[in-house]
Every structure is written in structure tokens, then in C-alpha cells.
Amino acid sequence: CYSIKEVVLRKSLEPSGTAGKLVQRALSLVRDDPGIESVGDLAAALGVSRRLLDLRFRQLQNTTVGETVLALRLAKVEKLLVTTELKIGLIAQAAGFVSANYLTQVFKQRHGLSMRDWRKQKSINPR
């Protein structure tokens with residue numbers, strides 16, 4: 001049984017053009033800078049309006065900037081839960097969440113489990 005750990009885009013699959021480059025820069029910033037706290041911060045860091053950024057994401061990703069940012073942050077949380085013993089507050093901070101309470105609520109909504117239970121479930125090695 002295999003599980004997907006990470007999806008890596010090949011250069012040949014990257015969207016070309018200004019819109020594609022903007023989306024790629026945005027995704028890279030979100031992954032690398034936990035200090036980006038909001039879509040507005042992201043747009044400002046990229047030097048574009050929030051409206052333009054959201055429009056480009058809808059065109060190329062078929063989703064909103066906010067949903068994409070949340071998905072990337074949750075993926076980082078999942079990785080940290082499985083690969084470290086960090087406390088939830090530190091994981092929230094490392095993944096770019098302003099509040100550990102907000103992370104706890106969103107995580108439970110998305111996964112149906114608390115982070116502690118999810119960590120226990122995923123840490124079990126079924127070999």
C-alpha cells in the first residue's frame with residue numbers, strides 16, 4: 001500500500017505566461033514564508049492587488065487564494081505532526097497560522113480528528 005507524501009511539479013508542467021508565474025511565485029512564498037499571515041499580505045508581497053491574485057488563482061488553480069494557502073499550511077501541519085514531536089502551538093506558528101485555536105478548529109473540520117489523534121493514527125507503522 002502506497003501513500004502520496006508530496007506532489008512535485010515538473011518544470012515542463014508549470015504554467016507559462018505572467019499569470020502562471022504570479023501563481024507560482026505566490027505558492028513559493030506561502031511555502032517558504034510563514035510570516036505571510038493573510039491573502040492581503042501575500043498580494044502586497046507580490047506587488048499586486050488581492051483581486052488580481054484571486055482572479056489568477058481561480059483561472060489557473062480553479063480555487064481561491066485563501067483555500068490554496070490553507071491547504072498548503074495544513075499540509076505542512078500534517079508533515080510536522082508525523083515527523084516531529086513539536087507541540088501544537090509551535091506547529092501552528094511554523095505553518096503560518098496566527099492562532100493555534102484556529103488551527104485546531106480547521107484541522108478537526110477537515111480531518112474529523114483532533115491533531116493528537118491524527119498524529120497517533122499516522123505515527124503507527126503498519127509493517
# chains A, B, ... in the order shown; residues from 1 in each chain; ligands from 1

$ residues_around --residues "segment 45-58 of chain A" --least-positions-apart "3" --cutoff "9 Å" --atoms "only C-alpha atoms" --output "list in words"
Ala19, Gly20, Leu22, Val23, Arg25, Ala26, Leu29, Ile36, Val39, Gly40, Asp41, Leu42, Gln61, Asn62, Thr63, Thr64, Val65, Gly66 and Thr68 of chain A

$ residues_around --residues "Lys79 of chain A" --least-positions-apart "4" --cutoff "12 Å" --atoms "only C-alpha atoms" --output "VMD selection string"
chain A and resid 4 to 6 72 to 75 83 to 86 91 to 92 94 to 95 115 118 to 119 122 to 123

$ atom_distance --atom1 "atom CA of Gln105 of chain A" --atom2 "atom CA of Leu60 of chain A"
28.7 Å

$ select_by_dssp --residues "segment 42-105 of chain A" --states "alpha helix (DSSP H)" --output "PyMOL selection string"
chain A and resi 42-46+50-61+65-83+88-95+100-105

$ write_last_selection --atoms "C-alpha atoms" --output "mmCIF file, in the first residue's frame"
data_model
loop_
_atom_site.group_PDB
_atom_site.id
_atom_site.type_symbol
_atom_site.label_atom_id
_atom_site.label_comp_id
_atom_site.auth_asym_id
_atom_site.auth_seq_id
_atom_site.Cartn_x
_atom_site.Cartn_y
_atom_site.Cartn_z
ATOM 1 C CA LEU A 42 0.615 37.800 0.107
ATOM 2 C CA ALA A 43 -0.704 40.181 -2.539
ATOM 3 C CA ALA A 44 1.328 43.055 -1.049
ATOM 4 C CA ALA A 45 4.489 40.916 -1.023
ATOM 5 C CA LEU A 46 3.913 40.130 -4.693
ATOM 6 C CA ARG A 50 -5.715 40.991 -3.829
ATOM 7 C CA ARG A 51 -8.410 40.917 -6.515
ATOM 8 C CA LEU A 52 -5.891 40.189 -9.289
ATOM 9 C CA LEU A 53 -4.242 37.464 -7.240
ATOM 10 C CA ASP A 54 -7.570 35.787 -6.542
ATOM 11 C CA LEU A 55 -8.572 36.076 -10.197
ATOM 12 C CA ARG A 56 -5.359 34.376 -11.350
ATOM 13 C CA PHE A 57 -5.785 31.580 -8.828
ATOM 14 C CA ARG A 58 -9.348 30.979 -9.962
ATOM 15 C CA GLN A 59 -8.197 30.892 -13.597
ATOM 16 C CA LEU A 60 -5.237 28.574 -13.105
ATOM 17 C CA GLN A 61 -5.921 26.623 -9.918
ATOM 18 C CA VAL A 65 -6.040 32.014 -2.946
ATOM 19 C CA GLY A 66 -7.322 31.588 0.605
ATOM 20 C CA GLU A 67 -8.231 27.941 0.086
ATOM 21 C CA THR A 68 -4.872 27.242 -1.533
ATOM 22 C CA VAL A 69 -2.982 28.949 1.296
ATOM 23 C CA LEU A 70 -4.973 26.970 3.858
ATOM 24 C CA ALA A 71 -4.325 23.677 2.029
ATOM 25 C CA LEU A 72 -0.564 24.348 1.889
ATOM 26 C CA ARG A 73 -0.463 25.259 5.562
ATOM 27 C CA LEU A 74 -2.441 22.175 6.558
ATOM 28 C CA ALA A 75 -0.074 20.004 4.518
ATOM 29 C CA LYS A 76 2.821 21.485 6.476
ATOM 30 C CA VAL A 77 0.973 20.827 9.749
ATOM 31 C CA GLU A 78 0.385 17.203 8.741
ATOM 32 C CA LYS A 79 4.069 16.745 7.921
ATOM 33 C CA LEU A 80 5.179 18.306 11.210
ATOM 34 C CA LEU A 81 2.713 16.190 13.201
ATOM 35 C CA VAL A 82 4.158 12.992 11.772
ATOM 36 C CA THR A 83 7.838 13.936 11.631
ATOM 37 C CA ILE A 88 0.583 22.273 18.609
ATOM 38 C CA GLY A 89 1.378 25.944 19.289
ATOM 39 C CA LEU A 90 4.812 25.625 17.705
ATOM 40 C CA ILE A 91 3.411 23.688 14.748
ATOM 41 C CA ALA A 92 0.783 26.386 14.219
ATOM 42 C CA GLN A 93 3.464 29.062 14.249
ATOM 43 C CA ALA A 94 5.792 27.131 11.919
ATOM 44 C CA ALA A 95 2.969 26.545 9.432
ATOM 45 C CA ALA A 100 -3.297 27.557 17.498
ATOM 46 C CA ASN A 101 -7.009 27.589 18.376
ATOM 47 C CA TYR A 102 -7.947 28.396 14.781
ATOM 48 C CA LEU A 103 -5.653 25.634 13.523
ATOM 49 C CA THR A 104 -7.248 23.178 15.942
ATOM 50 C CA GLN A 105 -10.747 24.039 14.680
#

$ atom_distance --atom1 "atom CA of Leu27 of chain A" --atom2 "atom CA of Gly112 of chain A"
26.4 Å
